Amino acid sequence: MTPPIATSAIVQDDKITVTINGMKYDVPTSFSEVSLNQYLREHLQLTGTKITCREGGCGVCTVHVAHPDPLNSQQFIQKSINSCLCPILSCDKWDITTVEGVGNQTKPHPIQSALTSHYDTQCGYCTPGWVMNMCSILQNNSENLTQQDVENACDGNICRCTGYRPILEAFKTFAKDHPSKCGTLDIEDEVQKGLCKTTGKACSGSCHGKSTHYIKALSAAAEFIAPPWYRPTNLLELYEKIKALAGQNVYYVVGHTGMGVYNDAPCDAYVDLKGIPELYGTTLTASLLKQNCTHHSIRNSGSWAGNLAMKNRHKDFPSDSFVAFTVGNAKIFVGGPDMQSYSPKEFLDADLKGKIILRVEFQPFDSDFVFRTFKVMPRSGNAHAYVNAGFRAKVDRRINPGQVVIVEEPMLAFGNINASMVSAEKTAKFLQGKNIADQAILQQALTMLNDEIVPMEGDPSEANVRYRSAVGNLVRPLSSGKQEHGTKPENYPLTQPMPKLESMAQCTGEAKYTSDIELEGMLHAAFVLTTLGNAAIFEVDIKPAMTFPGVTRVLVASDIPGANNIGPLPNDPEELLASKRSLYAGQPVALVVATSQDIAERAAKLVKISYYDVKTPTLNCRDAIKNQSYVTVPGLSVGDADKAIAGAANKIEGELEIGTQNHMYMETEDAVTFPTEDGLNVECGTQWIYGTQISASQCCGIGLHRINVTVKRSGGGLGKNSADGLCPQPRQWRHSCSDDL
């Protein structure tokens, strides 16, 4: 196994060097499939940085980084990023600060103190991500920070428990326009305070005894399947590498943020483009179209070229950048053996195999041109568009008073209508030379546009009716709120508001959760999920998964030693692993056990399930009534409802339809089991300890008295529960967020 700290035998090209909380690490290129988040949590045991969505959408994995400017190595760029999307090998020469490097319970950072004093934590799982996001904000703008800046920069973090009012109120105290502005400390100063005065390095333990910083090695299986990682330093080297990798599935890395949208793995090789200076810089300062694209931590990492490349591969991707580039009449230059330029529409069908997007050019427009961009989305930020659009028109208001004549063919670009539509060309041709201020002309154009736009099924109509019109922009004002505590100061400390005891541990990342448990030699498990609901299972072929490197076992229903039932209540049985019929899409049908979570999840996707007797699933109450599909729950009938309704003075009839919802707890369902001399110890975040104990007892076929269930804390309850067993050594089972949803 290759250790993360390199030896003198590892040459420079076979490793990268990264500084984390003041300590340098040499990471071999065999870590090509390891994210920064995994490296921190699994290999360095820095579990203050959490993991939830693995898509850059929740913010719990946020860290602060400083790296050399590609165009000026003497300057450093400071920013927050989502560590779940960033490969560790992409961090060469980076200086990374995690929540452990900011402060601790003994000496907290002012941000951590502010969160605690504002009563900002409940489950606390998201809190370290909030702390690091704010630390990064202050690092870049501590003197001129406004309250609006704080809110704008908090668009990439989610909290499911506390709500955002107290968190934002705590953060706003660091803004210059807040009435009680806090003093701020430099993040680098805080990190330096944690360094050993003798060695100048991060503290590694007691000065009175030898102590080794624990680093977990990469498993032999993970090392075996890791694709090579290449780092060209100029375009000539890049072209040579492209030629050498011809015919292979190559992933070109800049921000790696596209993996949060489409997982195009597995790939045969990674090529890191960040070390090529020719791919950076602008020749003119231009005012480009501004879109509300994703959140700032993703914008800090991603690239416009990567966004366009993803649009080229996945035509259904609702790229805001592509719409903006279309409206801006961009010319996209793609290089390889030769160079070609494309309009955005031509670019969609361009073959990018063996080619790289080199640059983009925008033509200048005079003041007669009018630009407008719109985005209809479920939230004000960090959301894909239901529909996005951009319009460009050259207008003349001087021909006749009151007229607005479109003198050239305009551009009416639309996104997320369907996979092939780029613009409304027929409507644009109609509008050329027309007076758009004429209501009859406008209505005729709208009718034509309605016929020209053929949306994919259901998408635009998902938007709330309030937000379907593009008549005006929705301006989100600075939020405010107030909480009053009904207390009596004369009785203090009785009824006195005070922070909860564990809030500082949550703010510093020292609070441990089930998902933070990582032991040497521990196995990991992932469910294989069905893809069809209301279908009989013909066969579960586990052979492809069993041959995957690192997989130790694949369990199916027949392997369960006890009863195949996790239902704690006698009248509510539920199979742990579906045996005969898939009741719903996403039902567990097998369990893959492997040496790492990544390997378990990758192998789980290799299991093949065959179905027969596939029937239409019942998905709502109307269908259930129609199909006479009822759930009988005994013991809930109280009184004679029919008689009471018949004798009621007033009768109101109608329907109330409530849609589905997901609990979306921040710590996904997980559990860790430890074998004991006579049974199992189960560590999990369940809200029903006894129910978990019953489930484990039934499935394992051992008595309740031989199973101990421990809940230290839960990273968001909200209806969450879990149970686990079936393994003779310590094992962690964790549901990925995508499987959970």
# chains A, B, ... in the order shown; residues from 1 in each chain; ligands from 1
call {"tool": "select_by_dssp", "arguments": {"residues": "segment 404-468 of chain A", "states": "alpha helix (DSSP H)", "output": "PDB file with N, CA, C and O atoms, in the first residue's frame"}}
result
ATOM      1  N   GLU A 425     -35.412  31.066 -33.741  1.00  0.00           N
ATOM      2  CA  GLU A 425     -34.968  31.699 -34.981  1.00  0.00           C
ATOM      3  C   GLU A 425     -36.129  32.272 -35.786  1.00  0.00           C
ATOM      4  O   GLU A 425     -36.016  33.365 -36.370  1.00  0.00           O
ATOM      5  N   LYS A 426     -37.251  31.565 -35.870  1.00  0.00           N
ATOM      6  CA  LYS A 426     -38.382  32.051 -36.662  1.00  0.00           C
ATOM      7  C   LYS A 426     -38.925  33.353 -36.082  1.00  0.00           C
ATOM      8  O   LYS A 426     -39.217  34.317 -36.811  1.00  0.00           O
ATOM      9  N   THR A 427     -39.070  33.382 -34.775  1.00  0.00           N
ATOM     10  CA  THR A 427     -39.573  34.600 -34.128  1.00  0.00           C
ATOM     11  C   THR A 427     -38.589  35.746 -34.307  1.00  0.00           C
ATOM     12  O   THR A 427     -38.986  36.899 -34.523  1.00  0.00           O
ATOM     13  N   ALA A 428     -37.295  35.441 -34.222  1.00  0.00           N
ATOM     14  CA  ALA A 428     -36.271  36.480 -34.398  1.00  0.00           C
ATOM     15  C   ALA A 428     -36.333  37.080 -35.800  1.00  0.00           C
ATOM     16  O   ALA A 428     -36.234  38.306 -35.983  1.00  0.00           O
ATOM     17  N   LYS A 429     -36.507  36.234 -36.811  1.00  0.00           N
ATOM     18  CA  LYS A 429     -36.608  36.732 -38.191  1.00  0.00           C
ATOM     19  C   LYS A 429     -37.857  37.607 -38.358  1.00  0.00           C
ATOM     20  O   LYS A 429     -37.831  38.637 -39.054  1.00  0.00           O
ATOM     21  N   PHE A 430     -38.950  37.204 -37.736  1.00  0.00           N
ATOM     22  CA  PHE A 430     -40.179  37.985 -37.817  1.00  0.00           C
ATOM     23  C   PHE A 430     -39.994  39.377 -37.215  1.00  0.00           C
ATOM     24  O   PHE A 430     -40.522  40.377 -37.740  1.00  0.00           O
ATOM     25  N   LEU A 431     -39.245  39.481 -36.119  1.00  0.00           N
ATOM     26  CA  LEU A 431     -39.112  40.745 -35.396  1.00  0.00           C
ATOM     27  C   LEU A 431     -38.188  41.740 -36.091  1.00  0.00           C
ATOM     28  O   LEU A 431     -38.223  42.935 -35.777  1.00  0.00           O
ATOM     29  N   GLN A 439     -48.480  46.858 -29.939  1.00  0.00           N
ATOM     30  CA  GLN A 439     -49.053  45.734 -29.212  1.00  0.00           C
ATOM     31  C   GLN A 439     -49.461  44.591 -30.143  1.00  0.00           C
ATOM     32  O   GLN A 439     -49.328  43.417 -29.797  1.00  0.00           O
ATOM     33  N   ALA A 440     -49.934  44.923 -31.316  1.00  0.00           N
ATOM     34  CA  ALA A 440     -50.332  43.877 -32.267  1.00  0.00           C
ATOM     35  C   ALA A 440     -49.115  43.078 -32.725  1.00  0.00           C
ATOM     36  O   ALA A 440     -49.170  41.845 -32.845  1.00  0.00           O
ATOM     37  N   ILE A 441     -48.016  43.785 -33.000  1.00  0.00           N
ATOM     38  CA  ILE A 441     -46.772  43.114 -33.407  1.00  0.00           C
ATOM     39  C   ILE A 441     -46.265  42.229 -32.271  1.00  0.00           C
ATOM     40  O   ILE A 441     -45.864  41.073 -32.484  1.00  0.00           O
ATOM     41  N   LEU A 442     -46.299  42.765 -31.063  1.00  0.00           N
ATOM     42  CA  LEU A 442     -45.812  42.009 -29.907  1.00  0.00           C
ATOM     43  C   LEU A 442     -46.639  40.745 -29.694  1.00  0.00           C
ATOM     44  O   LEU A 442     -46.094  39.663 -29.455  1.00  0.00           O
ATOM     45  N   GLN A 443     -47.959  40.875 -29.809  1.00  0.00           N
ATOM     46  CA  GLN A 443     -48.819  39.704 -29.608  1.00  0.00           C
ATOM     47  C   GLN A 443     -48.588  38.665 -30.701  1.00  0.00           C
ATOM     48  O   GLN A 443     -48.576  37.457 -30.443  1.00  0.00           O
ATOM     49  N   GLN A 444     -48.359  39.135 -31.923  1.00  0.00           N
ATOM     50  CA  GLN A 444     -48.085  38.220 -33.022  1.00  0.00           C
ATOM     51  C   GLN A 444     -46.769  37.472 -32.784  1.00  0.00           C
ATOM     52  O   GLN A 444     -46.667  36.268 -33.042  1.00  0.00           O
ATOM     53  N   ALA A 445     -45.775  38.186 -32.256  1.00  0.00           N
ATOM     54  CA  ALA A 445     -44.483  37.564 -31.963  1.00  0.00           C
ATOM     55  C   ALA A 445     -44.608  36.539 -30.845  1.00  0.00           C
ATOM     56  O   ALA A 445     -44.012  35.451 -30.909  1.00  0.00           O
ATOM     57  N   LEU A 446     -45.407  36.855 -29.832  1.00  0.00           N
ATOM     58  CA  LEU A 446     -45.583  35.921 -28.719  1.00  0.00           C
ATOM     59  C   LEU A 446     -46.314  34.659 -29.167  1.00  0.00           C
ATOM     60  O   LEU A 446     -46.000  33.554 -28.713  1.00  0.00           O
ATOM     61  N   THR A 447     -47.289  34.823 -30.056  1.00  0.00           N
ATOM     62  CA  THR A 447     -47.996  33.652 -30.586  1.00  0.00           C
ATOM     63  C   THR A 447     -47.044  32.769 -31.380  1.00  0.00           C
ATOM     64  O   THR A 447     -47.064  31.536 -31.264  1.00  0.00           O
ATOM     65  N   MET A 448     -46.209  33.397 -32.202  1.00  0.00           N
ATOM     66  CA  MET A 448     -45.235  32.653 -32.988  1.00  0.00           C
ATOM     67  C   MET A 448     -44.237  31.959 -32.066  1.00  0.00           C
ATOM     68  O   MET A 448     -43.857  30.800 -32.293  1.00  0.00           O
ATOM     69  N   LEU A 449     -43.814  32.656 -31.013  1.00  0.00           N
ATOM     70  CA  LEU A 449     -42.859  32.076 -30.064  1.00  0.00           C
ATOM     71  C   LEU A 449     -43.469  30.877 -29.344  1.00  0.00           C
ATOM     72  O   LEU A 449     -42.799  29.860 -29.111  1.00  0.00           O
ATOM     73  N   ASN A 450     -44.740  30.981 -29.008  1.00  0.00           N
ATOM     74  CA  ASN A 450     -45.422  29.880 -28.338  1.00  0.00           C
ATOM     75  C   ASN A 450     -45.456  28.622 -29.204  1.00  0.00           C
ATOM     76  O   ASN A 450     -45.321  27.502 -28.707  1.00  0.00           O
ATOM     77  N   ASP A 451     -45.606  28.814 -30.509  1.00  0.00           N
ATOM     78  CA  ASP A 451     -45.598  27.672 -31.425  1.00  0.00           C
ATOM     79  C   ASP A 451     -44.188  27.129 -31.636  1.00  0.00           C
ATOM     80  O   ASP A 451     -44.006  25.928 -31.861  1.00  0.00           O
ATOM     81  N   GLU A 452     -43.207  28.012 -31.568  1.00  0.00           N
ATOM     82  CA  GLU A 452     -41.829  27.607 -31.859  1.00  0.00           C
ATOM     83  C   GLU A 452     -41.190  26.859 -30.694  1.00  0.00           C
ATOM     84  O   GLU A 452     -40.357  25.976 -30.881  1.00  0.00           O
TER      85      GLU A 452
END
call {"tool": "residues_around", "arguments": {"residues": "segment 406-410 of chain A", "least_positions_apart": "6", "cutoff": "8 Å", "atoms": "only C-alpha atoms", "output": "NGL selection string"}}
result
:A and (391-396 or 428-429 or 431-436)
call {"tool": "atom_distance", "arguments": {"atom1": "atom CA of Gly654 of chain A", "atom2": "atom CA of Asp623 of chain A"}}
result
17.6 Å
call {"tool": "residues_around", "arguments": {"residues": "Val131 of chain A", "least_positions_apart": "4", "cutoff": "8 Å", "atoms": "only C-alpha atoms", "output": "mmCIF file with all heavy atoms, in the first residue's frame"}}
result
data_model
loop_
_atom_site.group_PDB
_atom_site.id
_atom_site.type_symbol
_atom_site.label_atom_id
_atom_site.label_comp_id
_atom_site.auth_asym_id
_atom_site.auth_seq_id
_atom_site.Cartn_x
_atom_site.Cartn_y
_atom_site.Cartn_z
ATOM 1 N N VAL A 99 -11.598 23.504 9.413
ATOM 2 C CA VAL A 99 -12.130 24.052 10.656
ATOM 3 C C VAL A 99 -11.212 23.741 11.836
ATOM 4 O O VAL A 99 -11.129 24.517 12.803
ATOM 5 C CB VAL A 99 -13.556 23.523 10.905
ATOM 6 C CG1 VAL A 99 -13.547 22.036 11.241
ATOM 7 C CG2 VAL A 99 -14.270 24.329 11.984
ATOM 8 N N ILE A 111 -15.455 33.914 14.869
ATOM 9 C CA ILE A 111 -16.631 33.437 14.138
ATOM 10 C C ILE A 111 -17.296 32.307 14.906
ATOM 11 O O ILE A 111 -18.532 32.257 15.036
ATOM 12 C CB ILE A 111 -16.232 32.962 12.727
ATOM 13 C CG1 ILE A 111 -15.766 34.151 11.889
ATOM 14 C CG2 ILE A 111 -17.398 32.255 12.040
ATOM 15 C CD1 ILE A 111 -15.191 33.757 10.546
ATOM 16 N N GLN A 112 -16.501 31.400 15.437
ATOM 17 C CA GLN A 112 -17.048 30.287 16.215
ATOM 18 C C GLN A 112 -17.709 30.787 17.494
ATOM 19 O O GLN A 112 -18.769 30.293 17.898
ATOM 20 C CB GLN A 112 -15.929 29.288 16.518
ATOM 21 C CG GLN A 112 -15.386 28.615 15.260
ATOM 22 C CD GLN A 112 -14.038 27.952 15.463
ATOM 23 O OE1 GLN A 112 -13.224 28.393 16.279
ATOM 24 N NE2 GLN A 112 -13.785 26.889 14.704
ATOM 25 N N THR A 127 -22.461 23.070 10.699
ATOM 26 C CA THR A 127 -21.827 24.254 11.278
ATOM 27 C C THR A 127 -20.381 24.470 10.842
ATOM 28 O O THR A 127 -19.999 25.600 10.504
ATOM 29 C CB THR A 127 -21.923 24.205 12.813
ATOM 30 O OG1 THR A 127 -23.289 24.004 13.194
ATOM 31 C CG2 THR A 127 -21.413 25.491 13.435
ATOM 32 N N CYS A 135 -15.084 32.326 7.296
ATOM 33 C CA CYS A 135 -13.640 32.600 7.404
ATOM 34 C C CYS A 135 -13.071 33.032 6.059
ATOM 35 O O CYS A 135 -12.256 33.957 5.976
ATOM 36 C CB CYS A 135 -12.910 31.349 7.894
ATOM 37 S SG CYS A 135 -13.028 31.052 9.666
ATOM 38 N N CYS A 507 -19.133 23.972 16.587
ATOM 39 C CA CYS A 507 -18.569 25.066 15.792
ATOM 40 C C CYS A 507 -17.100 24.824 15.445
ATOM 41 O O CYS A 507 -16.617 25.317 14.419
ATOM 42 C CB CYS A 507 -18.703 26.390 16.536
ATOM 43 S SG CYS A 507 -20.402 26.995 16.665
#
call {"tool": "residues_around", "arguments": {"residues": "Val60 of chain A", "least_positions_apart": "6", "cutoff": "6 Å", "atoms": "only C-alpha atoms", "output": "NGL selection string"}}
result
:A and (50 or 126 or 129)
call {"tool": "write_last_selection", "arguments": {"atoms": "all heavy atoms", "output": "PDB file, in the first residue's frame"}}
result
ATOM      1  N   LYS A  50     -17.221  18.017   6.954  1.00  0.00           N
ATOM      2  CA  LYS A  50     -18.244  16.977   6.827  1.00  0.00           C
ATOM      3  C   LYS A  50     -18.498  16.618   5.365  1.00  0.00           C
ATOM      4  O   LYS A  50     -17.949  17.197   4.443  1.00  0.00           O
ATOM      5  CB  LYS A  50     -19.545  17.423   7.501  1.00  0.00           C
ATOM      6  CG  LYS A  50     -19.390  17.836   8.956  1.00  0.00           C
ATOM      7  CD  LYS A  50     -18.797  16.721   9.805  1.00  0.00           C
ATOM      8  CE  LYS A  50     -18.677  17.126  11.265  1.00  0.00           C
ATOM      9  NZ  LYS A  50     -17.942  16.124  12.060  1.00  0.00           N
ATOM     10  N   CYS A 126     -23.848  20.842   9.945  1.00  0.00           N
ATOM     11  CA  CYS A 126     -23.501  21.793   8.891  1.00  0.00           C
ATOM     12  C   CYS A 126     -22.599  22.915   9.385  1.00  0.00           C
ATOM     13  O   CYS A 126     -22.030  23.660   8.585  1.00  0.00           O
ATOM     14  CB  CYS A 126     -24.766  22.395   8.284  1.00  0.00           C
ATOM     15  SG  CYS A 126     -25.639  23.528   9.402  1.00  0.00           S
ATOM     16  N   GLY A 129     -18.975  23.850   8.074  1.00  0.00           N
ATOM     17  CA  GLY A 129     -19.000  24.396   6.723  1.00  0.00           C
ATOM     18  C   GLY A 129     -19.353  25.869   6.719  1.00  0.00           C
ATOM     19  O   GLY A 129     -18.774  26.667   5.968  1.00  0.00           O
TER      20      GLY A 129
END
call {"tool": "residues_around", "arguments": {"residues": "Val593 of chain A", "least_positions_apart": "4", "cutoff": "7 Å", "atoms": "only C-alpha atoms", "output": "PyMOL selection string"}}
result
chain A and resi 523-526+551-554+600
call {"tool": "residues_around", "arguments": {"residues": "Ile417 of chain A", "least_positions_apart": "6", "cutoff": "12 Å", "atoms": "only C-alpha atoms", "output": "ChimeraX atom specification"}}
result
/A:315-319,323,376,385-389,423-424,450,452-461
call {"tool": "residues_around", "arguments": {"residues": "Arg54 of chain A", "least_positions_apart": "6", "cutoff": "12 Å", "atoms": "only C-alpha atoms", "output": "PDB file with N, CA, C and O atoms, in the first residue's frame"}}
result
ATOM      1  N   SER A  35     -10.873  12.402  -3.315  1.00  0.00           N
ATOM      2  CA  SER A  35     -11.192  13.827  -3.226  1.00  0.00           C
ATOM      3  C   SER A  35     -10.461  14.448  -2.034  1.00  0.00           C
ATOM      4  O   SER A  35      -9.993  13.750  -1.128  1.00  0.00           O
ATOM      5  N   LEU A  36     -10.381  15.764  -2.041  1.00  0.00           N
ATOM      6  CA  LEU A  36      -9.805  16.470  -0.902  1.00  0.00           C
ATOM      7  C   LEU A  36     -10.568  16.130   0.362  1.00  0.00           C
ATOM      8  O   LEU A  36      -9.979  15.942   1.436  1.00  0.00           O
ATOM      9  N   ASN A  37     -11.888  16.027   0.257  1.00  0.00           N
ATOM     10  CA  ASN A  37     -12.708  15.689   1.415  1.00  0.00           C
ATOM     11  C   ASN A  37     -12.352  14.313   1.961  1.00  0.00           C
ATOM     12  O   ASN A  37     -12.215  14.124   3.175  1.00  0.00           O
ATOM     13  N   GLN A  38     -12.210  13.335   1.074  1.00  0.00           N
ATOM     14  CA  GLN A  38     -11.837  11.985   1.516  1.00  0.00           C
ATOM     15  C   GLN A  38     -10.450  11.976   2.139  1.00  0.00           C
ATOM     16  O   GLN A  38     -10.212  11.281   3.129  1.00  0.00           O
ATOM     17  N   VAL A  60     -21.448  21.620   3.522  1.00  0.00           N
ATOM     18  CA  VAL A  60     -20.877  21.090   4.758  1.00  0.00           C
ATOM     19  C   VAL A  60     -19.394  20.760   4.592  1.00  0.00           C
ATOM     20  O   VAL A  60     -18.676  20.612   5.584  1.00  0.00           O
ATOM     21  N   CYS A  61     -18.929  20.646   3.362  1.00  0.00           N
ATOM     22  CA  CYS A  61     -17.538  20.249   3.106  1.00  0.00           C
ATOM     23  C   CYS A  61     -16.635  21.442   2.831  1.00  0.00           C
ATOM     24  O   CYS A  61     -15.477  21.274   2.407  1.00  0.00           O
ATOM     25  N   THR A  62     -17.112  22.658   3.065  1.00  0.00           N
ATOM     26  CA  THR A  62     -16.370  23.862   2.689  1.00  0.00           C
ATOM     27  C   THR A  62     -15.046  23.991   3.442  1.00  0.00           C
ATOM     28  O   THR A  62     -14.989  23.795   4.661  1.00  0.00           O
ATOM     29  N   ASN A  82     -15.644  23.663  -2.350  1.00  0.00           N
ATOM     30  CA  ASN A  82     -16.292  22.444  -1.861  1.00  0.00           C
ATOM     31  C   ASN A  82     -15.297  21.299  -1.976  1.00  0.00           C
ATOM     32  O   ASN A  82     -14.956  20.863  -3.078  1.00  0.00           O
ATOM     33  N   SER A  83     -14.840  20.804  -0.841  1.00  0.00           N
ATOM     34  CA  SER A  83     -13.794  19.777  -0.850  1.00  0.00           C
ATOM     35  C   SER A  83     -14.285  18.449  -1.398  1.00  0.00           C
ATOM     36  O   SER A  83     -13.484  17.611  -1.796  1.00  0.00           O
ATOM     37  N   CYS A  84     -15.613  18.242  -1.446  1.00  0.00           N
ATOM     38  CA  CYS A  84     -16.130  16.965  -1.939  1.00  0.00           C
ATOM     39  C   CYS A  84     -15.910  16.802  -3.432  1.00  0.00           C
ATOM     40  O   CYS A  84     -15.865  15.672  -3.937  1.00  0.00           O
ATOM     41  N   LEU A  85     -15.782  17.903  -4.169  1.00  0.00           N
ATOM     42  CA  LEU A  85     -15.613  17.835  -5.621  1.00  0.00           C
ATOM     43  C   LEU A  85     -14.161  17.983  -6.053  1.00  0.00           C
ATOM     44  O   LEU A  85     -13.816  17.641  -7.186  1.00  0.00           O
ATOM     45  N   CYS A  86     -13.328  18.484  -5.181  1.00  0.00           N
ATOM     46  CA  CYS A  86     -11.947  18.791  -5.546  1.00  0.00           C
ATOM     47  C   CYS A  86     -11.045  17.576  -5.348  1.00  0.00           C
ATOM     48  O   CYS A  86     -10.894  17.089  -4.226  1.00  0.00           O
ATOM     49  N   HIS A 256     -13.303  20.455 -11.597  1.00  0.00           N
ATOM     50  CA  HIS A 256     -13.911  19.148 -11.321  1.00  0.00           C
ATOM     51  C   HIS A 256     -15.333  19.302 -10.783  1.00  0.00           C
ATOM     52  O   HIS A 256     -15.901  18.362 -10.232  1.00  0.00           O
ATOM     53  N   THR A 257     -15.923  20.485 -10.938  1.00  0.00           N
ATOM     54  CA  THR A 257     -17.258  20.724 -10.385  1.00  0.00           C
ATOM     55  C   THR A 257     -18.342  20.025 -11.203  1.00  0.00           C
ATOM     56  O   THR A 257     -19.452  19.809 -10.698  1.00  0.00           O
ATOM     57  N   GLY A 258     -18.039  19.686 -12.458  1.00  0.00           N
ATOM     58  CA  GLY A 258     -19.031  19.010 -13.286  1.00  0.00           C
ATOM     59  C   GLY A 258     -19.456  17.665 -12.729  1.00  0.00           C
ATOM     60  O   GLY A 258     -20.557  17.184 -13.024  1.00  0.00           O
ATOM     61  N   MET A 259     -18.596  17.049 -11.904  1.00  0.00           N
ATOM     62  CA  MET A 259     -18.955  15.763 -11.304  1.00  0.00           C
ATOM     63  C   MET A 259     -20.140  15.889 -10.358  1.00  0.00           C
ATOM     64  O   MET A 259     -20.783  14.897 -10.020  1.00  0.00           O
ATOM     65  N   GLY A 260     -20.422  17.111  -9.922  1.00  0.00           N
ATOM     66  CA  GLY A 260     -21.583  17.325  -9.077  1.00  0.00           C
ATOM     67  C   GLY A 260     -22.883  17.354  -9.852  1.00  0.00           C
ATOM     68  O   GLY A 260     -23.955  17.341  -9.258  1.00  0.00           O
ATOM     69  N   VAL A 261     -22.793  17.412 -11.185  1.00  0.00           N
ATOM     70  CA  VAL A 261     -23.986  17.424 -12.031  1.00  0.00           C
ATOM     71  C   VAL A 261     -24.131  16.103 -12.771  1.00  0.00           C
ATOM     72  O   VAL A 261     -25.163  15.445 -12.707  1.00  0.00           O
ATOM     73  N   TYR A 262     -23.077  15.715 -13.487  1.00  0.00           N
ATOM     74  CA  TYR A 262     -23.058  14.445 -14.216  1.00  0.00           C
ATOM     75  C   TYR A 262     -21.801  13.674 -13.822  1.00  0.00           C
ATOM     76  O   TYR A 262     -20.687  14.181 -13.981  1.00  0.00           O
ATOM     77  N   ASN A 263     -21.986  12.505 -13.323  1.00  0.00           N
ATOM     78  CA  ASN A 263     -20.837  11.661 -12.974  1.00  0.00           C
ATOM     79  C   ASN A 263     -20.456  10.849 -14.204  1.00  0.00           C
ATOM     80  O   ASN A 263     -21.057   9.826 -14.508  1.00  0.00           O
ATOM     81  N   ASP A 598     -16.101   4.087  -1.413  1.00  0.00           N
ATOM     82  CA  ASP A 598     -16.107   4.305  -2.854  1.00  0.00           C
ATOM     83  C   ASP A 598     -16.219   2.996  -3.623  1.00  0.00           C
ATOM     84  O   ASP A 598     -17.010   2.878  -4.566  1.00  0.00           O
ATOM     85  N   MET A 666     -28.841  16.308   7.160  1.00  0.00           N
ATOM     86  CA  MET A 666     -27.512  16.626   6.641  1.00  0.00           C
ATOM     87  C   MET A 666     -26.566  15.433   6.711  1.00  0.00           C
ATOM     88  O   MET A 666     -25.769  15.211   5.805  1.00  0.00           O
ATOM     89  N   GLU A 667     -26.615  14.683   7.803  1.00  0.00           N
ATOM     90  CA  GLU A 667     -25.820  13.456   7.875  1.00  0.00           C
ATOM     91  C   GLU A 667     -26.672  12.332   7.314  1.00  0.00           C
ATOM     92  O   GLU A 667     -27.707  11.984   7.880  1.00  0.00           O
ATOM     93  N   THR A 668     -26.250  11.759   6.190  1.00  0.00           N
ATOM     94  CA  THR A 668     -27.066  10.715   5.573  1.00  0.00           C
ATOM     95  C   THR A 668     -27.121   9.496   6.485  1.00  0.00           C
ATOM     96  O   THR A 668     -26.318   9.336   7.398  1.00  0.00           O
ATOM     97  N   HIS A 735     -25.549   5.440   3.526  1.00  0.00           N
ATOM     98  CA  HIS A 735     -26.342   5.758   2.350  1.00  0.00           C
ATOM     99  C   HIS A 735     -25.782   7.026   1.725  1.00  0.00           C
ATOM    100  O   HIS A 735     -25.586   8.029   2.418  1.00  0.00           O
ATOM    101  N   SER A 736     -25.499   7.013   0.435  1.00  0.00           N
ATOM    102  CA  SER A 736     -25.142   8.267  -0.224  1.00  0.00           C
ATOM    103  C   SER A 736     -26.385   9.138  -0.301  1.00  0.00           C
ATOM    104  O   SER A 736     -27.520   8.649  -0.244  1.00  0.00           O
ATOM    105  N   CYS A 737     -26.172  10.444  -0.433  1.00  0.00           N
ATOM    106  CA  CYS A 737     -27.304  11.369  -0.473  1.00  0.00           C
ATOM    107  C   CYS A 737     -28.182  11.089  -1.689  1.00  0.00           C
ATOM    108  O   CYS A 737     -29.408  11.139  -1.605  1.00  0.00           O
ATOM    109  N   SER A 738     -27.577  10.765  -2.832  1.00  0.00           N
ATOM    110  CA  SER A 738     -28.362  10.495  -4.040  1.00  0.00           C
ATOM    111  C   SER A 738     -29.219   9.252  -3.863  1.00  0.00           C
ATOM    112  O   SER A 738     -30.373   9.214  -4.300  1.00  0.00           O
ATOM    113  N   ASP A 739     -28.680   8.213  -3.215  1.00  0.00           N
ATOM    114  CA  ASP A 739     -29.487   7.018  -2.952  1.00  0.00           C
ATOM    115  C   ASP A 739     -30.585   7.311  -1.943  1.00  0.00           C
ATOM    116  O   ASP A 739     -31.700   6.789  -2.033  1.00  0.00           O
TER     117      ASP A 739
END
call {"tool": "select_by_dssp", "arguments": {"residues": "segment 308-417 of chain A", "states": "strand (DSSP E)", "output": "JSON, numbers by chain"}}
result
{"A": [331, 332, 333, 334, 335, 339, 340, 341, 342, 356, 357, 358, 359, 360, 361, 369, 370, 371, 372, 373, 374, 375, 376, 387, 388, 389, 390, 391, 392, 393, 394, 395, 396, 405, 406, 411, 412, 413, 414, 415]}
call {"tool": "atom_distance", "arguments": {"atom1": "atom CA of Ile81 of chain A", "atom2": "atom CA of Asn300 of chain A"}}
result
6.6 Å
